[in-house]
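What's in upload15.pdb: PDB, C-alpha atoms and all ligand atoms
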```
ATOM      1  CA  MET A  27       3.475   0.898 -13.007
ATOM      2  CA  LYS A  28       3.151   3.785 -10.599
ATOM      3  CA  ILE A  29       0.403   4.444  -8.065
ATOM      4  CA  GLN A  30      -0.500   8.111  -8.299
ATOM      5  CA  GLU A  31      -3.462   8.203  -5.923
ATOM      6  CA  LEU A  32      -5.020   5.790  -3.478
ATOM      7  CA  VAL A  33      -8.218   6.309  -1.470
ATOM      8  CA  LEU A  34      -8.781   4.026   1.514
ATOM      9  CA  ASN A  35     -11.613   3.715   4.001
ATOM     10  CA  SER A  36     -11.006   4.396   7.661
ATOM     11  CA  ASN A  37     -13.093   3.807  10.742
ATOM     12  CA  LYS A  38     -10.725   5.750  13.014
ATOM     13  CA  LEU A  39     -10.239   8.850  10.933
ATOM     14  CA  ASP A  40      -8.972  11.195  13.681
ATOM     15  CA  LEU A  41      -6.459   8.660  14.929
ATOM     16  CA  GLN A  42      -5.325   7.971  11.371
ATOM     17  CA  LYS A  43      -4.858  11.681  10.741
ATOM     18  CA  ASN A  44      -2.789  12.051  13.871
ATOM     19  CA  PHE A  45      -0.702   8.969  13.089
ATOM     20  CA  TYR A  46       0.134   9.830   9.489
ATOM     21  CA  SER A  47       0.584  13.575   9.878
ATOM     22  CA  LYS A  48       2.010  13.919  13.396
ATOM     23  CA  LYS A  49       3.670  10.631  14.234
ATOM     24  CA  LEU A  50       5.028   9.813  10.762
ATOM     25  CA  GLY A  51       5.065  13.438   9.594
ATOM     26  CA  PHE A  52       3.493  13.251   6.141
ATOM     27  CA  GLU A  53       2.142  16.585   4.917
ATOM     28  CA  ILE A  54      -1.643  16.963   4.916
ATOM     29  CA  ILE A  55      -2.449  18.444   1.519
ATOM     30  CA  GLU A  56      -6.211  18.537   1.829
ATOM     31  CA  GLU A  57      -8.952  18.045   4.371
ATOM     32  CA  PHE A  58     -12.489  17.515   3.166
ATOM     33  CA  GLY A  59     -15.856  16.756   4.770
ATOM     34  CA  ASP A  60     -15.248  13.121   5.570
ATOM     35  CA  GLY A  61     -11.543  12.641   5.142
ATOM     36  CA  PHE A  62      -8.064  13.935   4.418
ATOM     37  CA  SER A  63      -5.236  13.516   1.910
ATOM     38  CA  ILE A  64      -1.527  13.298   2.577
ATOM     39  CA  GLN A  65       1.399  13.388   0.178
ATOM     40  CA  THR A  66       3.498  10.226   0.500
ATOM     41  CA  GLY A  67       6.383  10.877  -1.872
ATOM     42  CA  ALA A  68       4.945  10.817  -5.391
ATOM     43  CA  THR A  69       1.621   9.324  -4.264
ATOM     44  CA  ARG A  70      -1.410  11.070  -2.871
ATOM     45  CA  LEU A  71      -2.984   8.930  -0.159
ATOM     46  CA  SER A  72      -6.465   9.694   1.182
ATOM     47  CA  PHE A  73      -8.494   8.239   4.001
ATOM     48  CA  VAL A  74     -12.265   8.642   4.019
ATOM     49  CA  ASN A  75     -14.640   7.948   6.841
ATOM     50  CA  PHE A  76     -16.240   4.517   6.733
ATOM     51  CA  THR A  77     -17.509   2.907   9.895
ATOM     52  CA  ASP A  78     -18.950  -0.370   8.675
ATOM     53  CA  GLN A  79     -16.071  -2.776   9.134
ATOM     54  CA  ASN A  80     -12.397  -3.197   9.864
ATOM     55  CA  THR A  81     -10.412  -2.568   6.732
ATOM     56  CA  ASN A  82      -7.221  -4.559   7.251
ATOM     57  CA  TYR A  83      -5.504  -3.207   4.145
ATOM     58  CA  HIS A  84      -1.929  -4.038   3.340
ATOM     59  CA  PHE A  85       0.120  -1.382   1.568
ATOM     60  CA  ALA A  86       3.780  -0.437   1.293
ATOM     61  CA  PHE A  87       5.851   2.687   1.006
ATOM     62  CA  GLN A  88       8.974   2.469  -1.110
ATOM     63  CA  ILE A  89      12.270   3.627   0.376
ATOM     64  CA  SER A  90      15.881   3.028  -0.599
ATOM     65  CA  LYS A  91      17.141  -0.362   0.588
ATOM     66  CA  GLU A  92      20.184   1.470   2.007
ATOM     67  CA  LYS A  93      17.803   3.195   4.428
ATOM     68  CA  ILE A  94      16.129   0.150   5.983
ATOM     69  CA  LYS A  95      18.444   0.103   8.988
ATOM     70  CA  VAL A  96      18.039   3.800   9.808
ATOM     71  CA  ALA A  97      14.313   3.649   9.040
ATOM     72  CA  ARG A  98      13.973   0.889  11.667
ATOM     73  CA  GLU A  99      15.565   3.171  14.310
ATOM     74  CA  TRP A 100      13.491   6.114  13.113
ATOM     75  CA  LEU A 101      10.238   4.148  13.569
ATOM     76  CA  ILE A 102      11.277   2.823  16.978
ATOM     77  CA  ASN A 103      12.169   6.363  18.095
ATOM     78  CA  ARG A 104       8.595   7.345  17.241
ATOM     79  CA  ASP A 105       7.222   4.577  19.474
ATOM     80  CA  ILE A 106       5.970   2.608  16.515
ATOM     81  CA  SER A 107       6.056  -1.102  17.280
ATOM     82  CA  LEU A 108       7.460  -3.168  14.473
ATOM     83  CA  LEU A 109       5.675  -6.405  13.739
ATOM     84  CA  LYS A 110       7.641  -9.484  14.676
ATOM     85  CA  GLU A 111       9.719 -11.181  12.072
ATOM     86  CA  THR A 112       8.558 -14.545  10.838
ATOM     87  CA  LYS A 113      10.530 -17.448   9.511
ATOM     88  CA  THR A 114       9.048 -17.390   6.056
ATOM     89  CA  LYS A 115      11.088 -16.664   2.994
ATOM     90  CA  SER A 116       9.803 -13.146   2.691
ATOM     91  CA  ASP A 117      11.270  -9.731   2.080
ATOM     92  CA  LEU A 118      11.285  -9.360   5.837
ATOM     93  CA  VAL A 119      13.748 -12.197   6.358
ATOM     94  CA  MET A 120      15.872 -10.882   3.558
ATOM     95  CA  GLY A 121      16.048  -7.613   5.512
ATOM     96  CA  LYS A 122      14.221  -5.569   2.918
ATOM     97  CA  SER A 123      11.003  -4.723   4.757
ATOM     98  CA  LEU A 124       9.731  -3.223   8.002
ATOM     99  CA  TYR A 125       6.121  -3.802   9.024
ATOM    100  CA  PHE A 126       3.891  -1.989  11.511
ATOM    101  CA  ARG A 127       0.218  -1.303  12.069
ATOM    102  CA  ASP A 128      -1.609   1.987  11.844
ATOM    103  CA  PRO A 129      -4.547   2.866  14.173
ATOM    104  CA  ASP A 130      -7.063   1.243  11.786
ATOM    105  CA  GLY A 131      -5.084  -1.988  12.066
ATOM    106  CA  ASN A 132      -3.811  -1.884   8.495
ATOM    107  CA  ILE A 133      -0.532  -3.694   7.871
ATOM    108  CA  VAL A 134       1.851  -1.017   6.674
ATOM    109  CA  GLU A 135       5.258  -1.725   5.200
ATOM    110  CA  PHE A 136       8.413   0.216   4.409
ATOM    111  CA  ILE A 137       9.987  -1.731   1.572
ATOM    112  CA  GLY A 138      13.609  -1.200   0.566
ATOM    113  CA  ARG A 139      14.293  -1.086  -3.146
ATOM    114  CA  SER A 140      17.304  -0.270  -5.321
ATOM    115  CA  VAL A 141      16.504   3.414  -5.535
ATOM    116  CA  GLU A 142      18.631   6.392  -4.640
ATOM    117  CA  ASP A 143      18.142   8.534  -1.529
ATOM    118  CA  ARG A 144      20.961  11.010  -1.019
ATOM    119  CA  ARG A 145      19.957  11.937   2.512
ATOM    120  CA  SER A 146      22.409  10.597   5.093
ATOM    121  CA  ALA A 147      19.691  10.066   7.715
ATOM    122  CA  PHE A 148      16.124   8.864   7.317
ATOM    123  CA  ALA A 149      13.350  11.444   7.060
ATOM    124  CA  ILE A 150       9.737  11.033   6.006
ATOM    125  CA  GLU A 151      10.841  12.643   2.717
ATOM    126  CA  SER A 152      12.822   9.405   2.205
ATOM    127  CA  VAL A 153       9.480   7.769   1.350
ATOM    128  CA  LEU A 154       9.508   7.852  -2.440
ATOM    129  CA  ARG A 155       5.992   6.633  -3.185
ATOM    130  CA  LEU A 156       3.292   4.224  -2.127
ATOM    131  CA  SER A 157       4.345   1.201  -4.144
ATOM    132  CA  GLU A 158       1.976  -1.624  -3.271
ATOM    133  CA  ILE A 159      -1.595  -2.300  -2.253
ATOM    134  CA  GLY A 160      -3.141  -5.668  -1.526
ATOM    135  CA  LEU A 161      -6.186  -6.708  -3.505
ATOM    136  CA  PRO A 162      -7.875  -9.754  -1.938
ATOM    137  CA  THR A 163     -10.340 -11.524  -4.201
ATOM    138  CA  LYS A 164     -12.030 -14.882  -4.720
ATOM    139  CA  ASP A 165     -10.381 -15.717  -8.043
ATOM    140  CA  THR A 166      -6.808 -14.451  -8.232
ATOM    141  CA  PHE A 167      -6.074 -15.628 -11.778
ATOM    142  CA  SER A 168      -9.060 -13.955 -13.404
ATOM    143  CA  LEU A 169      -8.497 -10.671 -11.556
ATOM    144  CA  ALA A 170      -4.773 -10.691 -12.404
ATOM    145  CA  LYS A 171      -5.667 -11.318 -16.067
ATOM    146  CA  LYS A 172      -8.105  -8.403 -16.028
ATOM    147  CA  LEU A 173      -5.439  -6.060 -14.612
ATOM    148  CA  ILE A 174      -2.990  -7.158 -17.309
ATOM    149  CA  ASP A 175      -5.516  -7.055 -20.181
ATOM    150  CA  ASP A 176      -7.502  -3.937 -19.271
ATOM    151  CA  TYR A 177      -4.815  -1.800 -17.635
ATOM    152  CA  HIS A 178      -1.747  -3.119 -19.453
ATOM    153  CA  ILE A 179       0.190  -3.713 -16.247
ATOM    154  CA  VAL A 180       3.283  -5.786 -16.967
ATOM    155  CA  PRO A 181       3.953  -8.249 -14.150
ATOM    156  CA  LYS A 182       7.573  -8.785 -13.197
ATOM    157  CA  ASP A 183       7.166 -12.454 -12.305
ATOM    158  CA  GLU A 184       4.116 -13.859 -14.068
ATOM    159  CA  GLU A 185       5.519 -17.394 -13.868
ATOM    160  CA  GLU A 186       5.264 -17.121 -10.066
ATOM    161  CA  PHE A 187       1.483 -16.585 -10.148
ATOM    162  CA  ASN A 188      -0.558 -19.115  -8.177
ATOM    163  CA  HIS A 189      -4.101 -19.448  -6.843
ATOM    164  CA  ASP A 190      -3.135 -17.763  -3.559
ATOM    165  CA  PHE A 191      -0.922 -14.975  -4.793
ATOM    166  CA  CYS A 192      -0.366 -12.996  -8.007
ATOM    167  CA  TRP A 193       2.094 -10.121  -7.868
ATOM    168  CA  VAL A 194       0.829  -7.814 -10.650
ATOM    169  CA  GLY A 195       3.323  -5.038 -11.273
ATOM    170  CA  ASP A 196       6.943  -4.195 -10.617
ATOM    171  CA  ASP A 197       9.164  -2.772  -7.866
ATOM    172  CA  ASP A 198       7.787   0.756  -8.386
ATOM    173  CA  GLY A 199       4.134  -0.232  -8.237
ATOM    174  CA  VAL A 200       2.292  -3.482  -7.682
ATOM    175  CA  LEU A 201      -1.190  -4.785  -6.971
ATOM    176  CA  ILE A 202      -0.863  -7.817  -4.755
ATOM    177  CA  VAL A 203      -3.776  -9.998  -5.779
ATOM    178  CA  VAL A 204      -4.324 -12.602  -3.073
ATOM    179  CA  LYS A 205      -6.973 -15.167  -2.313
ATOM    180  CA  GLU A 206      -9.411 -13.560   0.124
ATOM    181  CA  GLY A 207      -8.617 -14.820   3.616
ATOM    182  CA  ARG A 208      -4.941 -15.505   2.957
ATOM    183  CA  HIS A 209      -2.972 -13.964   5.807
ATOM    184  CA  TRP A 210      -0.838 -10.886   5.323
ATOM    185  CA  ILE A 211       2.802 -11.470   6.190
ATOM    186  CA  PRO A 212       4.045 -11.147   8.900
ATOM    187  CA  THR A 213       0.720 -11.566  10.718
ATOM    188  CA  ASN A 214      -1.888 -14.284  10.951
ATOM    189  CA  CYS A 215      -4.539 -11.745   9.974
ATOM    190  CA  PRO A 216      -6.722 -12.922   7.117
ATOM    191  CA  SER A 217      -6.984 -10.479   4.245
ATOM    192  CA  ILE A 218     -10.345  -8.765   3.727
ATOM    193  CA  ALA A 219     -11.576  -7.522   0.352
ATOM    194  CA  SER A 220     -12.022  -3.925   1.545
ATOM    195  CA  ASP A 221     -12.998  -1.291  -0.995
ATOM    196  CA  PHE A 222     -10.524   1.249  -2.344
ATOM    197  CA  GLN A 223     -10.057   3.600  -5.281
ATOM    198  CA  ILE A 224      -6.823   3.974  -7.155
ATOM    199  CA  LYS A 225      -5.255   5.971  -9.957
ATOM    200  CA  ILE A 226      -2.271   4.388 -11.668
ATOM    201  CA  LYS A 227       0.083   5.326 -14.478
ATOM    202  CA  VAL A 228       1.164   2.573 -16.818
ATOM    203  CA  GLN A 229       3.458   3.259 -19.775
ATOM    204  CA  GLY A 230       2.487   6.933 -19.855
ATOM    205  CA  ARG A 231      -1.286   6.357 -19.573
ATOM    206  CA  GLU A 232      -3.447   6.996 -16.532
ATOM    207  CA  TYR A 233      -6.208   4.669 -15.355
ATOM    208  CA  ALA A 234      -8.521   4.839 -12.372
ATOM    209  CA  PHE A 235     -10.546   2.020 -10.925
ATOM    210  CA  LYS A 236     -12.416   1.024  -7.850
ATOM    211  CA  SER A 237     -11.979  -2.268  -6.040
ATOM    212  CA  SER A 238     -15.215  -3.386  -4.422
ATOM    213  CA  LYS A 239     -15.557  -6.730  -2.672
ATOM    214  CA  GLY A 240     -12.616  -8.048  -4.646
ATOM    215  CA  GLU A 241     -13.973  -7.001  -8.053
ATOM    216  CA  ILE A 242     -12.684  -4.042 -10.020
ATOM    217  CA  GLU A 243     -14.700  -1.413 -11.789
ATOM    218  CA  ASN A 244     -13.366   1.284 -14.087
ATOM    219  CA  LEU A 245     -13.684   4.908 -12.940
ATOM    220  CA  ASN A 246     -13.438   8.101 -14.934
ATOM    221  CA  VAL A 247     -12.160   9.978 -11.930
ATOM    222  CA  VAL A 248     -11.155   8.987  -8.439
ATOM    223  CA  LYS A 249     -13.899  10.220  -6.131
ATOM    224  CA  SER A 250     -13.114  12.221  -3.004
ATOM    225  CA  ILE A 251     -10.129  13.731  -4.769
ATOM    226  CA  VAL A 252     -10.318  17.117  -6.419
TER     227      VAL A 252
HETATM  228 FE    FE A 301       4.050  -6.187   1.116
END
```
With the file now loaded, output its structure as structure tokens.
Amino acid sequence: MKIQELVLNSNKLDLQKNFYSKKLGFEIIEEFGDGFSIQTGATRLSFVNFTDQNTNYHFAFQISKEKIKVAREWLINRDISLLKETKTKSDLVMGKSLYFRDPDGNIVEFIGRSVEDRRSAFAIESVLRLSEIGLPTKDTFSLAKKLIDDYHIVPKDEEEFNHDFCWVGDDDGVLIVVKEGRHWIPTNCPSIASDFQIKIKVQGREYAFKSSKGEIENLNVVKSIV
């Protein structure tokens, strides 16, 4: 599964724009009335103005696992504070992930995967795609089943599904369906079922849906994106 487009809400739009375009260096590909889009590898990521609540999304950008070490230095050199490592058996401990917050407070991850990046150093072009987004909900099993049945997503580890956590997808693209309120590693922050819109490609077919309060709703097109 691949995430082609993702639209997130933001209540600090100007700060987000500065962070993603200036501090991280992603290219702004469009600015519209109440938001902007950046190109993050193969994925178009948009933020739209929404002032009602904190969003607390969790999402990850895929990089080559060979680049984790240089990506850590690269982030530190940009004055981005990495979130502290925890002693859980997570990707973080296994040295595969770097976590930091953006100005909205979202928990952002660089995740190292077995993919090629021929650059010797790390550059923002080393980000290959946005490869995961968290989807907090009340009933993880029924939402995971809907994603599998309606969107034909093939989960890599279906036997690992539990009431707190269902990892629906593969290394290239995954929807992390968690019980609403479960904390996002490596923080103690409870997950919030914040709305988003997404366009995915599964086995050659494109689908778009909206996640609203932990429920998903099919979309013909992703709004806010031309
Ligand atoms: Fe993650």
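Here the PyMOL selection byres (((not hetatm)) within 7 of (chain A and resi 301)) matches the residues His84, Phe85, Ala86, Glu135 and Glu158 of chain A.
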Since I can't run it myself right now, could you work out what the PyMOL selection byres (((chain A and resi 143) around 10) and not hetatm) selects here and report it as a PyMOL selection string?
chain A and resi 89-93+140-142+144-148+151-154
Calculate how many Å separate atom CA of Ile179 of chain A from atom CA of Thr166 of chain A, rounding to one decimal.
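Atom CA of Thr166 of chain A lies 15.1 Å from atom CA of Ile179 of chain A.
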Apply the PyMOL selection byres (((chain A and resi 232) around 10) and not hetatm) to the file shown and report the selected residues as a ChimeraX atom specification.
/A:27-30,177,225-231,233-234
Excluding Thr77 of chain A and residues on its chain fewer than 4 positions from it, collect all residues at most 9 Å away from it, counting only C-alpha atoms, and give them as a ChimeraX atom specification.
/A:35-38
Restricting the calculation to only C-alpha atoms, which member of A:Gln223, A:Ser63, A:Asn44, A:Asn214 is positioned closest to Ser237 of chain A?
A:Gln223
Between A:Thr69, A:Arg98, A:Leu109, A:Gly195, which has the minimum distance to Leu173 of chain A (counting only C-alpha atoms)?
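So, comparing all the options, the nearest one is A:Gly195.
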In Å, with one decimal, what is the gap from atom CA of Ile64 of chain A to atom CA of Ala149 of chain A?
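Interatomic distance, atom CA of Ile64 of chain A to atom CA of Ala149 of chain A: 15.6 Å.
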Quick check, in Å to one decimal: how far apart do atom CA of Ser238 of chain A and atom CA of Ser220 of chain A lie?
6.8 Å
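Closest approach to Asp128 of chain A among A:Arg155, A:Lys164, A:Lys43, A:Lys95 is made by A:Lys43 (distances from all atoms listed in the file).
The shortest atom-to-atom distance to Glu243 of chain A, with only C-alpha atoms taken into account, belongs to A:Lys172 out of A:Arg70, A:Lys172, A:His178, A:Arg104.
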Go through A:Val200, A:Lys236, A:Ser47, A:Asn188 and flag the residue nearest Ile174 of chain A, using all atoms listed in the file for the distances.
A:Val200
Exercise: residues within 12 Å of coordinate (-10.4, 15.0, 6.0), counting all atoms listed in the file, as a VMD selection string
chain A and resid 33 to 36 38 to 44 47 54 to 64 71 to 75 250 to 251
Kindly reconstruct segment 152-181 of chain A with N, CA and C atoms and present the result as a PDB file, in the coordinates of the input.
```
ATOM      1  N   SER A 152      12.159  10.578   2.803  1.00  0.00           N
ATOM      2  CA  SER A 152      12.822   9.405   2.205  1.00  0.00           C
ATOM      3  C   SER A 152      11.809   8.419   1.622  1.00  0.00           C
ATOM      4  N   VAL A 153      10.525   8.597   1.971  1.00  0.00           N
ATOM      5  CA  VAL A 153       9.480   7.769   1.350  1.00  0.00           C
ATOM      6  C   VAL A 153       9.285   8.280  -0.079  1.00  0.00           C
ATOM      7  N   LEU A 154       9.532   7.412  -1.042  1.00  0.00           N
ATOM      8  CA  LEU A 154       9.508   7.852  -2.440  1.00  0.00           C
ATOM      9  C   LEU A 154       8.113   7.782  -3.055  1.00  0.00           C
ATOM     10  N   ARG A 155       7.353   6.805  -2.647  1.00  0.00           N
ATOM     11  CA  ARG A 155       5.992   6.633  -3.185  1.00  0.00           C
ATOM     12  C   ARG A 155       5.315   5.503  -2.423  1.00  0.00           C
ATOM     13  N   LEU A 156       3.999   5.412  -2.594  1.00  0.00           N
ATOM     14  CA  LEU A 156       3.292   4.224  -2.127  1.00  0.00           C
ATOM     15  C   LEU A 156       3.402   3.231  -3.289  1.00  0.00           C
ATOM     16  N   SER A 157       4.003   2.077  -3.018  1.00  0.00           N
ATOM     17  CA  SER A 157       4.345   1.201  -4.144  1.00  0.00           C
ATOM     18  C   SER A 157       3.575  -0.113  -4.172  1.00  0.00           C
ATOM     19  N   GLU A 158       2.794  -0.407  -3.150  1.00  0.00           N
ATOM     20  CA  GLU A 158       1.976  -1.624  -3.271  1.00  0.00           C
ATOM     21  C   GLU A 158       0.704  -1.534  -2.445  1.00  0.00           C
ATOM     22  N   ILE A 159      -0.325  -2.179  -2.971  1.00  0.00           N
ATOM     23  CA  ILE A 159      -1.595  -2.300  -2.253  1.00  0.00           C
ATOM     24  C   ILE A 159      -2.107  -3.721  -2.486  1.00  0.00           C
ATOM     25  N   GLY A 160      -2.596  -4.314  -1.416  1.00  0.00           N
ATOM     26  CA  GLY A 160      -3.141  -5.668  -1.526  1.00  0.00           C
ATOM     27  C   GLY A 160      -4.554  -5.631  -2.092  1.00  0.00           C
ATOM     28  N   LEU A 161      -4.861  -6.646  -2.890  1.00  0.00           N
ATOM     29  CA  LEU A 161      -6.186  -6.708  -3.505  1.00  0.00           C
ATOM     30  C   LEU A 161      -6.729  -8.131  -3.318  1.00  0.00           C
ATOM     31  N   PRO A 162      -7.325  -8.417  -2.162  1.00  0.00           N
ATOM     32  CA  PRO A 162      -7.875  -9.754  -1.938  1.00  0.00           C
ATOM     33  C   PRO A 162      -9.109  -9.999  -2.802  1.00  0.00           C
ATOM     34  N   THR A 163      -9.229 -11.191  -3.320  1.00  0.00           N
ATOM     35  CA  THR A 163     -10.340 -11.524  -4.201  1.00  0.00           C
ATOM     36  C   THR A 163     -10.607 -13.033  -4.134  1.00  0.00           C
ATOM     37  N   LYS A 164     -11.711 -13.442  -4.751  1.00  0.00           N
ATOM     38  CA  LYS A 164     -12.030 -14.882  -4.720  1.00  0.00           C
ATOM     39  C   LYS A 164     -11.251 -15.655  -5.781  1.00  0.00           C
ATOM     40  N   ASP A 165     -11.048 -15.025  -6.937  1.00  0.00           N
ATOM     41  CA  ASP A 165     -10.381 -15.717  -8.043  1.00  0.00           C
ATOM     42  C   ASP A 165      -9.172 -14.892  -8.501  1.00  0.00           C
ATOM     43  N   THR A 166      -8.013 -15.264  -7.978  1.00  0.00           N
ATOM     44  CA  THR A 166      -6.808 -14.451  -8.232  1.00  0.00           C
ATOM     45  C   THR A 166      -6.438 -14.422  -9.714  1.00  0.00           C
ATOM     46  N   PHE A 167      -6.502 -15.579 -10.380  1.00  0.00           N
ATOM     47  CA  PHE A 167      -6.074 -15.628 -11.778  1.00  0.00           C
ATOM     48  C   PHE A 167      -6.915 -14.727 -12.672  1.00  0.00           C
ATOM     49  N   SER A 168      -8.252 -14.755 -12.488  1.00  0.00           N
ATOM     50  CA  SER A 168      -9.060 -13.955 -13.404  1.00  0.00           C
ATOM     51  C   SER A 168      -8.888 -12.459 -13.115  1.00  0.00           C
ATOM     52  N   LEU A 169      -8.713 -12.095 -11.842  1.00  0.00           N
ATOM     53  CA  LEU A 169      -8.497 -10.671 -11.556  1.00  0.00           C
ATOM     54  C   LEU A 169      -7.131 -10.214 -12.078  1.00  0.00           C
ATOM     55  N   ALA A 170      -6.109 -11.041 -11.899  1.00  0.00           N
ATOM     56  CA  ALA A 170      -4.773 -10.691 -12.404  1.00  0.00           C
ATOM     57  C   ALA A 170      -4.825 -10.517 -13.925  1.00  0.00           C
ATOM     58  N   LYS A 171      -5.559 -11.398 -14.599  1.00  0.00           N
ATOM     59  CA  LYS A 171      -5.667 -11.318 -16.067  1.00  0.00           C
ATOM     60  C   LYS A 171      -6.352 -10.014 -16.480  1.00  0.00           C
ATOM     61  N   LYS A 172      -7.390  -9.650 -15.731  1.00  0.00           N
ATOM     62  CA  LYS A 172      -8.105  -8.403 -16.028  1.00  0.00           C
ATOM     63  C   LYS A 172      -7.175  -7.188 -15.880  1.00  0.00           C
ATOM     64  N   LEU A 173      -6.361  -7.186 -14.825  1.00  0.00           N
ATOM     65  CA  LEU A 173      -5.439  -6.060 -14.612  1.00  0.00           C
ATOM     66  C   LEU A 173      -4.416  -5.972 -15.751  1.00  0.00           C
ATOM     67  N   ILE A 174      -3.981  -7.124 -16.223  1.00  0.00           N
ATOM     68  CA  ILE A 174      -2.990  -7.158 -17.309  1.00  0.00           C
ATOM     69  C   ILE A 174      -3.656  -6.752 -18.634  1.00  0.00           C
ATOM     70  N   ASP A 175      -4.843  -7.313 -18.902  1.00  0.00           N
ATOM     71  CA  ASP A 175      -5.516  -7.055 -20.181  1.00  0.00           C
ATOM     72  C   ASP A 175      -6.093  -5.644 -20.263  1.00  0.00           C
ATOM     73  N   ASP A 176      -6.789  -5.218 -19.211  1.00  0.00           N
ATOM     74  CA  ASP A 176      -7.502  -3.937 -19.271  1.00  0.00           C
ATOM     75  C   ASP A 176      -6.623  -2.732 -18.940  1.00  0.00           C
ATOM     76  N   TYR A 177      -5.629  -2.940 -18.083  1.00  0.00           N
ATOM     77  CA  TYR A 177      -4.815  -1.800 -17.635  1.00  0.00           C
ATOM     78  C   TYR A 177      -3.363  -1.907 -18.095  1.00  0.00           C
ATOM     79  N   HIS A 178      -3.068  -2.945 -18.825  1.00  0.00           N
ATOM     80  CA  HIS A 178      -1.747  -3.119 -19.453  1.00  0.00           C
ATOM     81  C   HIS A 178      -0.591  -3.141 -18.454  1.00  0.00           C
ATOM     82  N   ILE A 179      -0.877  -3.600 -17.247  1.00  0.00           N
ATOM     83  CA  ILE A 179       0.190  -3.713 -16.247  1.00  0.00           C
ATOM     84  C   ILE A 179       1.066  -4.914 -16.630  1.00  0.00           C
ATOM     85  N   VAL A 180       2.365  -4.696 -16.601  1.00  0.00           N
ATOM     86  CA  VAL A 180       3.283  -5.786 -16.967  1.00  0.00           C
ATOM     87  C   VAL A 180       3.832  -6.403 -15.682  1.00  0.00           C
ATOM     88  N   PRO A 181       3.456  -7.644 -15.383  1.00  0.00           N
ATOM     89  CA  PRO A 181       3.953  -8.249 -14.150  1.00  0.00           C
ATOM     90  C   PRO A 181       5.416  -8.674 -14.268  1.00  0.00           C
TER      91      PRO A 181
END
```
